[in-house]
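S.K.: Next comes data_1.cif, mmCIF, C-alpha atoms and all ligand atoms:
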data_upload
#
loop_
_atom_site.label_atom_id
_atom_site.label_comp_id
_atom_site.auth_asym_id
_atom_site.auth_seq_id
_atom_site.Cartn_x
_atom_site.Cartn_y
_atom_site.Cartn_z
CA MET A 1 8.67 2.72 19.66
CA SER A 2 7.84 -0.95 19.94
CA GLY A 3 7.84 -3.05 16.80
CA PHE A 4 4.07 -3.55 17.14
CA ILE A 5 3.38 0.16 16.98
CA ARG A 6 6.04 1.00 14.42
CA LYS A 7 4.64 -1.60 12.06
CA ARG A 8 1.18 -0.05 12.18
CA LEU A 9 2.23 3.57 12.04
CA ILE A 10 5.01 3.31 9.45
CA ASP A 11 6.24 0.00 8.03
CA ASP A 12 2.79 -1.43 7.19
CA ASN A 13 0.88 1.85 7.17
CA ALA A 14 -2.66 1.13 5.99
CA ALA A 15 -2.80 4.14 3.68
CA LEU A 16 0.77 4.42 2.38
CA VAL A 17 1.76 0.77 2.09
CA GLN A 18 -1.41 -1.28 1.91
CA LEU A 19 -3.19 1.51 0.01
CA LEU A 20 -6.46 0.73 1.76
CA GLY A 21 -9.27 3.15 2.51
CA LEU A 22 -8.45 5.39 -0.41
CA CYS A 23 -11.99 6.68 -0.90
CA PRO A 24 -12.18 8.71 2.33
CA LEU A 25 -8.45 9.42 2.16
CA LEU A 26 -8.77 11.15 -1.18
CA ALA A 27 -12.22 12.64 -0.74
CA VAL A 28 -12.02 14.29 2.68
CA SER A 29 -8.42 15.47 2.65
CA ASN A 30 -9.06 18.87 1.07
CA SER A 31 -8.59 20.70 4.38
CA VAL A 32 -6.99 19.93 7.73
CA VAL A 33 -10.21 20.31 9.67
CA ASN A 34 -12.17 17.91 7.47
CA ALA A 35 -9.29 15.43 7.59
CA LEU A 36 -8.98 15.71 11.37
CA GLY A 37 -12.71 15.23 11.91
CA LEU A 38 -12.82 12.08 9.83
CA ALA A 39 -9.51 10.85 11.24
CA ILE A 40 -10.80 10.95 14.80
CA ALA A 41 -14.04 9.23 13.79
CA THR A 42 -12.10 6.50 11.99
CA VAL A 43 -9.75 5.80 14.91
CA PHE A 44 -12.78 5.49 17.20
CA THR A 45 -14.60 3.15 14.85
CA LEU A 46 -11.60 0.95 14.21
CA THR A 47 -10.79 0.56 17.90
CA LEU A 48 -14.38 -0.19 18.81
CA THR A 49 -15.10 -2.65 15.99
CA ASN A 50 -11.85 -4.50 16.69
CA ALA A 51 -12.83 -4.77 20.34
CA LEU A 52 -16.32 -6.06 19.57
CA VAL A 53 -15.06 -8.57 17.02
CA ALA A 54 -12.51 -9.87 19.54
CA LEU A 55 -15.30 -10.21 22.12
CA ILE A 56 -17.51 -12.37 19.92
CA LYS A 57 -14.55 -14.41 18.67
CA PRO A 58 -15.91 -17.68 20.19
CA LEU A 59 -19.11 -17.27 18.17
CA LEU A 60 -17.43 -16.70 14.80
CA SER A 61 -17.59 -19.42 12.20
CA LYS A 62 -16.20 -19.46 8.69
CA GLU A 63 -19.52 -19.20 6.86
CA ILE A 64 -20.96 -16.14 8.56
CA ARG A 65 -17.99 -14.21 9.86
CA ILE A 66 -18.14 -11.60 7.09
CA SER A 67 -21.86 -10.95 7.71
CA LEU A 68 -21.15 -10.56 11.39
CA PHE A 69 -18.34 -8.08 10.72
CA VAL A 70 -20.60 -6.04 8.46
CA LEU A 71 -23.34 -6.06 11.09
CA ILE A 72 -20.96 -4.90 13.81
CA ILE A 73 -19.19 -2.26 11.71
CA ALA A 74 -22.45 -0.80 10.39
CA SER A 75 -23.95 -0.62 13.88
CA VAL A 76 -20.89 0.98 15.43
CA VAL A 77 -20.73 3.62 12.69
CA THR A 78 -24.45 4.34 13.00
CA ALA A 79 -24.09 4.76 16.75
CA LEU A 80 -21.06 7.00 16.24
CA GLU A 81 -23.07 9.06 13.77
CA MET A 82 -25.78 9.59 16.38
CA PHE A 83 -23.25 10.69 19.00
CA MET A 84 -21.53 13.09 16.61
CA ASN A 85 -24.91 14.46 15.62
CA ALA A 86 -25.67 15.05 19.28
CA TYR A 87 -22.34 16.41 20.54
CA PHE A 88 -20.51 17.81 17.48
CA HIS A 89 -23.54 18.90 15.54
CA GLU A 90 -21.89 21.46 13.26
CA LEU A 91 -18.98 19.20 12.37
CA TYR A 92 -21.51 16.45 11.73
CA LEU A 93 -23.27 18.73 9.27
CA VAL A 94 -19.98 19.50 7.52
CA LEU A 95 -18.69 15.92 7.25
CA GLY A 96 -22.15 14.82 6.17
CA ILE A 97 -22.12 11.74 4.00
CA PHE A 98 -18.54 10.80 4.93
CA ILE A 99 -19.48 9.63 8.40
CA PRO A 100 -21.80 6.85 7.21
CA LEU A 101 -19.24 6.11 4.51
CA ILE A 102 -16.74 5.05 7.20
CA VAL A 103 -18.60 1.74 6.90
CA THR A 104 -17.05 1.26 3.47
CA ASN A 105 -13.51 1.94 4.65
CA CYS A 106 -12.00 -1.46 3.94
CA ILE A 107 -9.25 -1.00 6.55
CA ILE A 108 -11.91 -1.69 9.17
CA MET A 109 -13.02 -4.94 7.56
CA ALA A 110 -9.39 -5.88 6.93
CA ARG A 111 -8.40 -5.50 10.60
CA ALA A 112 -11.49 -7.39 11.79
CA GLU A 113 -10.72 -10.30 9.49
CA ALA A 114 -6.94 -10.36 9.67
CA PHE A 115 -6.38 -9.45 13.29
CA ALA A 116 -9.26 -9.04 15.72
CA SER A 117 -10.93 -12.35 14.86
CA LYS A 118 -7.73 -14.17 15.85
CA ASN A 119 -6.31 -12.21 18.77
CA SER A 120 -7.10 -11.26 22.34
CA LEU A 121 -9.28 -8.32 23.28
CA TRP A 122 -6.44 -6.10 24.48
CA LEU A 123 -4.21 -6.77 21.45
CA SER A 124 -7.16 -6.12 19.12
CA ILE A 125 -7.90 -2.80 20.77
CA LYS A 126 -4.25 -1.79 20.41
CA ASP A 127 -4.19 -2.96 16.81
CA GLY A 128 -7.34 -0.98 15.99
CA PHE A 129 -6.07 2.15 17.65
CA PHE A 130 -2.62 2.18 16.06
CA THR A 131 -3.73 1.08 12.60
CA GLY A 132 -6.32 3.84 12.77
CA LEU A 133 -3.70 6.32 13.96
CA GLY A 134 -1.42 5.41 11.05
CA PHE A 135 -4.28 6.08 8.65
CA ALA A 136 -5.22 9.26 10.49
CA LEU A 137 -1.70 10.70 10.31
CA VAL A 138 -1.56 10.23 6.54
CA LEU A 139 -5.06 11.68 6.15
CA ILE A 140 -4.15 14.78 8.16
CA THR A 141 -0.81 15.23 6.36
CA ILE A 142 -2.49 15.12 2.97
CA GLY A 143 -5.14 17.50 4.26
CA ALA A 144 -2.51 19.97 5.43
CA ILE A 145 -0.50 19.85 2.19
CA ARG A 146 -3.58 20.28 0.04
CA GLU A 147 -4.95 23.13 2.12
CA ILE A 148 -1.61 24.97 2.05
CA LEU A 149 -1.19 24.55 -1.70
CA GLY A 150 -4.82 25.12 -2.57
CA ASN A 151 -5.83 27.89 -0.21
CA GLY A 152 -2.61 29.16 1.32
CA SER A 153 -4.13 28.60 4.76
CA LEU A 154 -4.22 26.08 7.60
CA PHE A 155 -7.03 25.18 10.01
CA ASN A 156 -9.68 27.02 8.07
CA GLN A 157 -13.07 26.47 9.84
CA ALA A 158 -11.35 25.00 12.90
CA HIS A 159 -14.18 26.34 15.08
CA LEU A 160 -16.28 23.39 13.90
CA LEU A 161 -13.97 21.09 15.88
CA PHE A 162 -12.66 23.28 18.67
CA GLY A 163 -15.43 25.82 19.20
CA ASP A 164 -14.48 29.47 19.55
CA LEU A 165 -10.88 28.54 20.23
CA GLY A 166 -10.71 27.37 16.62
CA HIS A 167 -11.04 30.87 15.18
CA SER A 168 -7.59 31.73 16.52
CA LEU A 169 -6.08 28.55 15.04
CA HIS A 170 -6.82 29.65 11.51
CA VAL A 171 -3.64 30.92 9.86
CA LYS A 172 -3.28 32.54 6.47
CA LEU A 173 0.21 31.63 5.32
CA PHE A 174 0.57 33.97 2.38
CA ASP A 175 -1.10 37.29 1.75
CA ASN A 176 -2.76 37.61 -1.58
CA TYR A 177 -2.35 33.93 -2.43
CA GLN A 178 -4.19 33.07 -5.64
CA GLY A 179 -4.70 29.41 -4.77
CA PHE A 180 -3.42 26.41 -6.67
CA LEU A 181 -6.87 25.09 -7.48
CA ILE A 182 -5.90 21.61 -8.59
CA ALA A 183 -4.58 20.81 -5.11
CA ILE A 184 -8.08 20.94 -3.60
CA LEU A 185 -9.71 19.17 -6.54
CA PRO A 186 -9.66 15.35 -6.62
CA PRO A 187 -6.54 15.03 -8.84
CA GLY A 188 -4.58 16.96 -6.21
CA ALA A 189 -5.33 14.20 -3.71
CA PHE A 190 -3.78 11.59 -6.01
CA PHE A 191 -0.68 13.72 -6.63
CA VAL A 192 -0.06 14.37 -2.95
CA LEU A 193 -0.66 10.73 -2.03
CA ALA A 194 1.76 9.62 -4.76
CA VAL A 195 4.46 11.94 -3.45
CA LEU A 196 3.98 10.65 0.10
CA VAL A 197 4.14 7.02 -1.05
CA ALA A 198 7.33 7.78 -2.96
CA ILE A 199 8.93 9.44 0.05
CA LYS A 200 7.91 6.52 2.27
CA ASN A 201 9.42 4.01 -0.18
CA LYS A 202 12.62 5.99 -0.43
CA ILE A 203 12.98 6.10 3.34
CA SER A 204 12.24 2.39 3.79
CA LYS A 205 14.87 1.46 1.22
CA ASN A 206 17.64 3.25 3.05
CA MET B 1 -24.04 -28.40 17.95
CA ASN B 2 -25.52 -28.91 14.50
CA ARG B 3 -24.34 -26.10 12.27
CA PHE B 4 -27.85 -25.57 10.87
CA ILE B 5 -28.86 -24.52 14.33
CA LYS B 6 -25.64 -22.85 15.36
CA ILE B 7 -25.33 -20.45 12.43
CA PRO B 8 -28.82 -18.91 12.61
CA LEU B 9 -28.54 -18.80 16.37
CA VAL B 10 -25.25 -16.88 16.28
CA LEU B 11 -26.64 -14.48 13.67
CA ALA B 12 -29.69 -13.91 15.84
CA ILE B 13 -27.63 -13.27 18.96
CA VAL B 14 -25.29 -10.79 17.27
CA THR B 15 -28.18 -9.03 15.52
CA PHE B 16 -29.89 -8.74 18.87
CA LEU B 17 -26.76 -7.28 20.49
CA THR B 18 -26.11 -4.76 17.72
CA SER B 19 -29.77 -3.71 17.72
CA ALA B 20 -29.49 -3.19 21.44
CA LEU B 21 -26.41 -1.01 20.88
CA LEU B 22 -28.38 1.11 18.41
CA MET B 23 -31.40 1.38 20.67
CA VAL B 24 -29.28 2.52 23.59
CA SER B 25 -27.41 5.04 21.42
CA GLU B 26 -30.66 6.39 20.02
CA ASP B 27 -32.06 6.69 23.50
CA LEU B 28 -28.96 8.49 24.79
CA THR B 29 -28.75 10.94 21.91
CA HIS B 30 -32.19 11.78 20.58
CA GLU B 31 -32.97 14.49 23.12
CA LYS B 32 -29.58 16.12 22.63
CA ILE B 33 -29.96 15.97 18.84
CA ALA B 34 -33.38 17.60 19.00
CA GLU B 35 -31.89 20.25 21.31
CA GLN B 36 -28.98 20.92 18.91
CA LYS B 37 -31.36 21.22 15.97
CA LYS B 38 -33.52 23.61 17.92
CA MET B 39 -30.52 25.72 18.93
CA LEU B 40 -29.37 25.89 15.33
CA LEU B 41 -32.88 26.86 14.29
CA LEU B 42 -33.02 29.60 16.93
CA GLN B 43 -29.67 30.91 15.68
CA SER B 44 -31.02 30.88 12.15
CA LEU B 45 -34.21 32.58 13.28
CA LYS B 46 -32.14 35.49 14.62
CA GLN B 47 -31.00 36.13 11.04
CA LEU B 48 -34.27 35.24 9.35
CA ILE B 49 -36.21 37.61 11.59
CA PRO B 50 -33.67 40.14 12.94
CA ALA B 51 -34.30 41.52 16.43
CA GLU B 52 -35.05 45.04 15.17
CA LEU B 53 -37.86 43.71 12.98
CA HIS B 54 -39.94 42.09 15.70
CA ASP B 55 -41.02 42.67 19.27
CA ASN B 56 -43.09 39.53 19.80
CA ASP B 57 -42.29 36.05 21.08
CA LEU B 58 -41.52 34.13 17.89
CA ILE B 59 -42.04 30.69 19.42
CA ALA B 60 -45.39 31.60 20.97
CA ASP B 61 -46.73 33.15 17.77
CA ALA B 62 -45.55 30.37 15.46
CA GLN B 63 -48.13 28.56 13.34
CA THR B 64 -48.20 25.05 11.97
CA ILE B 65 -48.66 24.87 8.20
CA HIS B 66 -48.76 22.01 5.73
CA HIS B 67 -48.55 22.73 1.99
CA PRO B 68 -47.28 19.68 0.12
CA GLU B 69 -47.95 21.19 -3.30
CA LEU B 70 -46.77 24.78 -2.96
CA LEU B 71 -43.93 24.31 -0.46
CA GLY B 72 -43.14 20.62 -0.84
CA HIS B 73 -43.84 19.82 2.81
CA ARG B 74 -43.79 16.14 3.70
CA LYS B 75 -45.21 16.76 7.16
CA PRO B 76 -46.62 19.76 9.01
CA GLN B 77 -43.99 22.49 9.44
CA THR B 78 -43.61 25.55 11.63
CA LEU B 79 -44.10 29.02 10.18
CA TYR B 80 -42.50 31.74 12.31
CA ILE B 81 -44.12 35.15 12.33
CA GLY B 82 -42.33 38.33 13.39
CA LYS B 83 -44.60 41.20 14.46
CA ILE B 84 -44.12 44.82 15.47
CA ASN B 85 -46.99 46.35 17.46
CA ASN B 86 -49.01 43.28 16.59
CA LYS B 87 -48.62 43.88 12.84
CA ILE B 88 -46.81 41.26 10.81
CA SER B 89 -43.32 42.39 9.80
CA VAL B 90 -41.48 39.24 8.67
CA LEU B 91 -42.43 35.64 7.90
CA ALA B 92 -39.90 32.81 8.16
CA ILE B 93 -41.29 30.24 5.75
CA PRO B 94 -40.11 26.60 5.70
CA ALA B 95 -39.98 24.79 2.36
CA THR B 96 -38.73 21.46 1.08
CA THR B 97 -37.60 20.65 -2.44
CA PRO B 98 -37.28 17.07 -3.66
CA LYS B 99 -35.18 18.19 -6.63
CA GLY B 100 -31.77 18.15 -4.94
CA TYR B 101 -29.03 15.89 -6.25
CA SER B 102 -29.36 13.60 -3.22
CA GLY B 103 -32.89 13.81 -1.94
CA ASP B 104 -34.72 16.56 -0.12
CA ILE B 105 -33.29 19.96 0.68
CA ASP B 106 -35.01 21.80 3.55
CA ILE B 107 -34.77 25.57 3.54
CA MET B 108 -36.24 28.46 5.44
CA VAL B 109 -36.72 31.89 3.91
CA GLY B 110 -37.28 35.11 5.82
CA ILE B 111 -39.48 37.56 3.90
CA LYS B 112 -40.48 41.06 4.99
CA THR B 113 -43.97 42.43 4.40
CA ASN B 114 -42.71 44.36 1.37
CA GLY B 115 -41.64 41.06 -0.21
CA GLU B 116 -37.92 41.54 0.41
CA ILE B 117 -35.90 38.52 1.54
CA THR B 118 -33.90 38.87 4.75
CA VAL B 119 -31.83 35.68 4.39
CA VAL B 120 -32.22 32.13 3.13
CA LYS B 121 -31.10 29.30 5.41
CA ILE B 122 -30.41 25.73 4.33
CA LEU B 123 -31.71 23.64 7.22
CA GLU B 124 -30.94 20.17 5.94
CA GLN B 125 -29.31 18.81 2.79
CA HIS B 126 -27.39 15.75 1.68
CA GLU B 127 -25.71 17.07 -1.46
CA THR B 128 -22.27 15.96 -2.58
CA PRO B 129 -19.45 17.52 -0.53
CA GLY B 130 -17.48 19.99 -2.62
CA LEU B 131 -20.19 20.19 -5.31
CA GLY B 132 -23.80 20.52 -4.27
CA ASP B 133 -23.06 21.37 -0.66
CA LEU B 134 -21.61 24.73 -1.73
CA ILE B 135 -25.19 25.92 -1.37
CA ILE B 136 -24.71 26.13 2.41
CA ALA B 137 -23.57 29.45 3.79
CA ASN B 138 -20.35 28.36 5.51
CA LYS B 139 -19.04 26.63 2.38
CA SER B 140 -19.52 29.38 -0.19
CA ASP B 141 -21.33 32.70 -0.50
CA TRP B 142 -23.68 31.44 -3.18
CA ILE B 143 -26.79 31.64 -1.01
CA GLN B 144 -26.08 35.26 -0.05
CA GLN B 145 -27.16 36.56 -3.44
CA PHE B 146 -30.77 36.09 -2.37
CA SER B 147 -30.59 38.49 0.56
CA ASN B 148 -32.50 41.71 -0.20
CA GLN B 149 -33.92 40.14 -3.35
CA SER B 150 -37.63 40.31 -4.04
CA LEU B 151 -40.13 39.68 -6.81
CA HIS B 152 -40.12 43.44 -7.42
CA LEU B 153 -36.42 43.38 -8.26
CA THR B 154 -36.51 40.12 -10.19
CA ASN B 155 -39.75 39.02 -11.74
CA LEU B 156 -41.10 35.48 -11.70
CA LYS B 157 -39.97 34.72 -15.24
CA ASN B 158 -36.32 35.56 -14.43
CA TRP B 159 -36.30 33.85 -11.03
CA LYS B 160 -34.00 31.07 -12.23
CA VAL B 161 -30.31 30.29 -12.41
CA GLU B 162 -28.43 31.77 -15.36
CA ARG B 163 -28.13 28.38 -17.03
CA ASP B 164 -31.93 28.34 -17.36
CA GLY B 165 -32.10 31.91 -18.64
CA GLY B 166 -32.59 33.55 -15.24
CA VAL B 167 -30.55 36.05 -13.28
CA PHE B 168 -29.07 34.04 -10.40
CA ASP B 169 -25.56 32.59 -10.35
CA GLN B 170 -25.28 28.85 -10.34
CA ILE B 171 -22.29 26.88 -9.09
CA SER B 172 -20.16 25.65 -11.95
CA GLY B 173 -20.16 21.89 -12.22
CA ALA B 174 -23.14 21.69 -9.90
CA THR B 175 -26.24 23.29 -11.33
CA ILE B 176 -28.78 20.82 -9.98
CA SER B 177 -28.66 21.81 -6.30
CA PRO B 178 -28.71 25.60 -6.92
CA ARG B 179 -31.57 25.15 -9.39
CA ALA B 180 -33.61 23.25 -6.79
CA VAL B 181 -32.99 25.83 -4.07
CA THR B 182 -33.69 28.79 -6.37
CA GLU B 183 -37.04 27.30 -7.31
CA ALA B 184 -37.94 26.53 -3.70
CA ILE B 185 -37.22 30.15 -2.77
CA LYS B 186 -39.54 31.31 -5.54
CA GLN B 187 -42.29 29.11 -4.10
CA THR B 188 -41.90 30.70 -0.66
CA LEU B 189 -42.23 34.15 -2.24
CA LEU B 190 -45.47 33.07 -3.92
CA TYR B 191 -46.71 31.67 -0.61
CA HIS B 192 -45.80 34.96 1.05
CA ASN B 193 -47.84 36.90 -1.50
CA GLY B 194 -50.86 34.69 -0.91
CA PHE B 195 -50.47 34.89 2.86
CA MET B 196 -50.31 38.70 2.88
CA GLN B 197 -53.33 38.94 0.56
CA ASN B 198 -55.38 36.73 2.87
CA ILE B 199 -54.46 38.91 5.81
CA GLY B 200 -55.40 42.00 3.83
CA GLU B 201 -58.82 40.58 3.04
CA GLU B 202 -59.44 39.59 6.64
CA THR B 203 -58.74 43.03 8.09
C1 LIG C 301 -20.58 11.78 -8.08
C2 LIG C 301 -21.26 13.04 -8.53
C3 LIG C 301 -21.89 13.83 -7.61
C4 LIG C 301 -22.53 15.02 -7.99
N1 LIG C 301 -23.17 15.77 -7.04
C5 LIG C 301 -23.83 16.89 -7.42
C6 LIG C 301 -24.53 17.67 -6.44
O1 LIG C 301 -24.56 17.38 -5.24
N2 LIG C 301 -25.17 18.78 -6.87
C7 LIG C 301 -25.17 19.16 -8.18
O2 LIG C 301 -25.79 20.18 -8.49
N3 LIG C 301 -24.51 18.44 -9.11
C8 LIG C 301 -23.83 17.31 -8.77
N4 LIG C 301 -23.16 16.58 -9.71
C9 LIG C 301 -23.10 17.09 -11.10
C10 LIG C 301 -24.39 16.86 -11.86
O3 LIG C 301 -24.45 15.53 -12.30
C11 LIG C 301 -24.46 17.75 -13.09
O4 LIG C 301 -23.44 17.39 -13.95
C12 LIG C 301 -24.25 19.21 -12.77
O5 LIG C 301 -25.16 19.63 -11.80
C13 LIG C 301 -24.48 20.04 -14.01
O6 LIG C 301 -23.85 21.29 -13.79
P1 LIG C 301 -23.28 22.15 -15.01
O7 LIG C 301 -24.47 22.35 -15.87
O8 LIG C 301 -22.74 23.41 -14.41
O9 LIG C 301 -22.23 21.29 -15.65
C14 LIG C 301 -22.53 15.40 -9.35
C15 LIG C 301 -21.89 14.59 -10.28
C16 LIG C 301 -21.26 13.43 -9.92
C17 LIG C 301 -20.59 12.58 -10.95
#
Is it possible to give me this structure as structure tokens?
Ligand SMILES: Cc1cc2nc3c(=O)[nH]c(=O)nc-3n(C[C@H](O)[C@H](O)[C@H](O)COP(=O)(O)O)c2cc1C
M.R.:
Amino acid sequence: MSGFIRKRLIDDNAALVQLLGLCPLLAVSNSVVNALGLAIATVFTLTLTNALVALIKPLLSKEIRISLFVLIIASVVTALEMFMNAYFHELYLVLGIFIPLIVTNCIIMARAEAFASKNSLWLSIKDGFFTGLGFALVLITIGAIREILGNGSLFNQAHLLFGDLGHSLHVKLFDNYQGFLIAILPPGAFFVLAVLVAIKNKISKN
Amino acid sequence: MNRFIKIPLVLAIVTFLTSALLMVSEDLTHEKIAEQKKMLLLQSLKQLIPAELHDNDLIADAQTIHHPELLGHRKPQTLYIGKINNKISVLAIPATTPKGYSGDIDIMVGIKTNGEITVVKILEQHETPGLGDLIIANKSDWIQQFSNQSLHLTNLKNWKVERDGGVFDQISGATISPRAVTEAIKQTLLYHNGFMQNIGEET
């Protein structure tokens, strides 16, 4: 893995190290399918906004750059929302408010400001994609852990993402599992994130 | 270039470009979105008015109704009518309640001639994920308690959530959304009564 990619996926991971974008990370990670849906949408948005910001780089000036980023990010997310509504209608209905809320994911603003506004188009696209992927992997991991602990299942409701194929993805891991309720409630998200951050720190130290 | 000209100019250009992006996206998606909504509605209609309860063309026999007071409609809505041998068997009544936690909740209720509910469908809602959105069928089975209910089984006075002294379950920690939906269902039952009476008087 090149240093560029490794930095974005692991060493400087947006969720585990920079602790950015916690709102969607904590709110939508109560099942793998929800996490996966939002993860894909976030990677898309981040790649696209980075690309657009890099394209208008010659126009940016100090006073209005933030307004321009907001304008671009909000438009891209709104467009994405329309496309999801059209082509993944049921998933769109499930993710609901969290799609427009991608706008408020500060990772996107952070990458526009710190990277895309200063680098070439191709590098910005790569940066957006891999930063997004790093965030997505953490989101999906938390989703999986919480779903296993909370429901004793994995890929519940996967048909929303994968159509009929999804029904066969759904696995019940334990029979008669009572459910560890706190894992799917908001505090569970904090606990799981804390454990992941601790593991990441431990590994980096060695 | 003078920055008092450059800055507004740049803002204008980027606003123009992003608006163009949105216009193109809207143009590319709006037909597909309408199609998806219609497909979902047709799927819902199959449960609202089951095949064995009608032999007519539901789309052809649909009526446009507009009852802002009784059913909360904000614009004219479609009432679907199931008939057997040209006699009404089921109505699928659209209603809107403004009392959700986050704005309007649109529902559709299937009611047989004897006043019994077939199913209740939530068509559109924006309630909080994990709280209010448990009213939709694929998130919890809360809404199922209304199937086979009627004003004969549960009178008007008790047609409320338990918290308000009625008979229907609420969702713990989220009473507002269930309360709104329960009341909207009651309104459709009242509308159904009125509708059937009118028919009776006409024939
Ligand atoms: C951020 C937030 C979002 C909420 N969303 C909803 C909602 O969508 N639907 C709902 O009925 N209650 C929602 N509630 C809870 C209501 O404010 C209210 O406390 C609850 O409906 C009362 O239910 P209870 O009587 O069972 O405690 C939300 C509360 C908070 C803080």
S.K.: Check the smallest atom-to-atom distance from each of B:Gln47, B:Ser102, B:Asn86, B:Gln77 to chain A using only C-alpha atoms, then report the winner.
M.R.: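 Looking only at the distances to chain A, the closest residue turns out to be B:Ser102.
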S.K.: Please provide as a VMD selection string all residues within 9 Å of range 173-177 of chain A, with the sequence filter that same-chain residues fewer than 2 positions apart are discarded (counting only C-alpha atoms).
M.R.: chain A and resid 148 151 to 154 171 179 to 180
S.K.: Padding 3 Å on every side, please: axis-aligned box over the listed atoms of ligand LIG 301 (chain C), centre and edge lengths to one decimal in Å, as JSON.
M.R.:
{"center_x": -23.2, "center_y": 17.6, "center_z": -10.6, "size_x": 11.2, "size_y": 17.6, "size_z": 16.6}
S.K.: What are the residues of chain B that have an atom within 6 Å of an atom of chain A, counting all atoms listed in the file, as a list in words?
M.R.: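 Going by the stated atoms only, the list reads Leu22, Ser25, Thr29, Lys32 and Ile33 of chain B.
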S.K.: All residues within 7 Å of ligand LIG 301 (chain C) are required, counting only C-alpha atoms and all ligand atoms; please report them as a PyMOL selection string.
M.R.: chain B and resi 100-102+127-129+131-133+171-178
S.K.: Just write the chosen residues, C-alpha atoms, as a PDB file, in the coordinates of the input.
M.R.:
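Below is the file that was written, again-v8.pdb:
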ATOM      1  CA  GLY B 100     -31.770  18.150  -4.940  1.00  0.00           C
ATOM      2  CA  TYR B 101     -29.030  15.890  -6.250  1.00  0.00           C
ATOM      3  CA  SER B 102     -29.360  13.600  -3.220  1.00  0.00           C
ATOM      4  CA  GLU B 127     -25.710  17.070  -1.460  1.00  0.00           C
ATOM      5  CA  THR B 128     -22.270  15.960  -2.580  1.00  0.00           C
ATOM      6  CA  PRO B 129     -19.450  17.520  -0.530  1.00  0.00           C
ATOM      7  CA  LEU B 131     -20.190  20.190  -5.310  1.00  0.00           C
ATOM      8  CA  GLY B 132     -23.800  20.520  -4.270  1.00  0.00           C
ATOM      9  CA  ASP B 133     -23.060  21.370  -0.660  1.00  0.00           C
ATOM     10  CA  ILE B 171     -22.290  26.880  -9.090  1.00  0.00           C
ATOM     11  CA  SER B 172     -20.160  25.650 -11.950  1.00  0.00           C
ATOM     12  CA  GLY B 173     -20.160  21.890 -12.220  1.00  0.00           C
ATOM     13  CA  ALA B 174     -23.140  21.690  -9.900  1.00  0.00           C
ATOM     14  CA  THR B 175     -26.240  23.290 -11.330  1.00  0.00           C
ATOM     15  CA  ILE B 176     -28.780  20.820  -9.980  1.00  0.00           C
ATOM     16  CA  SER B 177     -28.660  21.810  -6.300  1.00  0.00           C
ATOM     17  CA  PRO B 178     -28.710  25.600  -6.920  1.00  0.00           C
TER      18      PRO B 178
END
S.K.: What does the distance from CA of Leu21 in chain B to CA of Leu48 in chain A come to in Å, to one decimal?
M.R.: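 Separating CA of Leu21 in chain B from CA of Leu48 in chain A is a distance of 12.2 Å.
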S.K.: Any idea what the distance is between CA of Ala51 in chain A and CA of Ile125 in chain A?
M.R.: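 Distance reported for this atom pair: 5.3 Å.
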S.K.: Could you work out how far CA of Asn34 in chain A lies from CA of Gly143 in chain A, giving the answer in Å with one decimal?
M.R.: 7.7 Å
S.K.: Of the residues B:Leu58, B:Leu53, B:Ala180, B:Ala20, which is the one nearest to Ser89 in chain B, using only C-alpha atoms?
M.R.: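 Comparing B:Leu58, B:Leu53, B:Ala180, B:Ala20 against Ser89 in chain B, the winner is B:Leu53.
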S.K.: With distances taken over only C-alpha atoms, which residue among A:Leu16, A:Ile108, A:Ala114, A:Ile10 lies nearest Thr49 in chain A?
M.R.: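 Under the stated criterion, the closest residue is A:Ile108.
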S.K.: Might you pull out every residue within 7 Å of Phe129 in chain A, with all atoms listed in the file counted and same-chain residues fewer than 6 positions away left off, and present them as number ranges by chain?
M.R.: A: 43, 46-47
S.K.: Give the answer as one residue: which of A:Ala15, A:Leu38, A:Val192, A:Leu133 has the shortest atom-to-atom distance to Leu161 in chain A, using only C-alpha atoms?
M.R.: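 Looking only at the distances to Leu161 in chain A, the closest residue turns out to be A:Leu38.
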S.K.: Model the absent atoms of range 104-110 of chain A so that N, CA and C atoms are present, and write the result as an mmCIF file, keeping the file's coordinate frame.
M.R.:
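Saved as result_1.cif:
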data_model
loop_
_atom_site.group_PDB
_atom_site.id
_atom_site.type_symbol
_atom_site.label_atom_id
_atom_site.label_comp_id
_atom_site.auth_asym_id
_atom_site.auth_seq_id
_atom_site.Cartn_x
_atom_site.Cartn_y
_atom_site.Cartn_z
ATOM 1 N N THR A 104 -17.658 1.840 4.669
ATOM 2 C CA THR A 104 -17.050 1.260 3.470
ATOM 3 C C THR A 104 -15.526 1.343 3.499
ATOM 4 N N ASN A 105 -14.962 1.886 4.587
ATOM 5 C CA ASN A 105 -13.510 1.940 4.650
ATOM 6 C C ASN A 105 -12.985 0.520 4.883
ATOM 7 N N CYS A 106 -12.314 -0.029 3.870
ATOM 8 C CA CYS A 106 -12.000 -1.460 3.940
ATOM 9 C C CYS A 106 -10.912 -1.763 4.959
ATOM 10 N N ILE A 107 -10.218 -0.734 5.481
ATOM 11 C CA ILE A 107 -9.250 -1.000 6.550
ATOM 12 C C ILE A 107 -9.956 -1.663 7.724
ATOM 13 N N ILE A 108 -11.184 -1.197 7.998
ATOM 14 C CA ILE A 108 -11.910 -1.690 9.170
ATOM 15 C C ILE A 108 -12.223 -3.175 9.011
ATOM 16 N N MET A 109 -12.746 -3.534 7.836
ATOM 17 C CA MET A 109 -13.020 -4.940 7.560
ATOM 18 C C MET A 109 -11.723 -5.746 7.578
ATOM 19 N N ALA A 110 -10.660 -5.162 7.013
ATOM 20 C CA ALA A 110 -9.390 -5.880 6.930
ATOM 21 C C ALA A 110 -8.857 -6.204 8.328
#
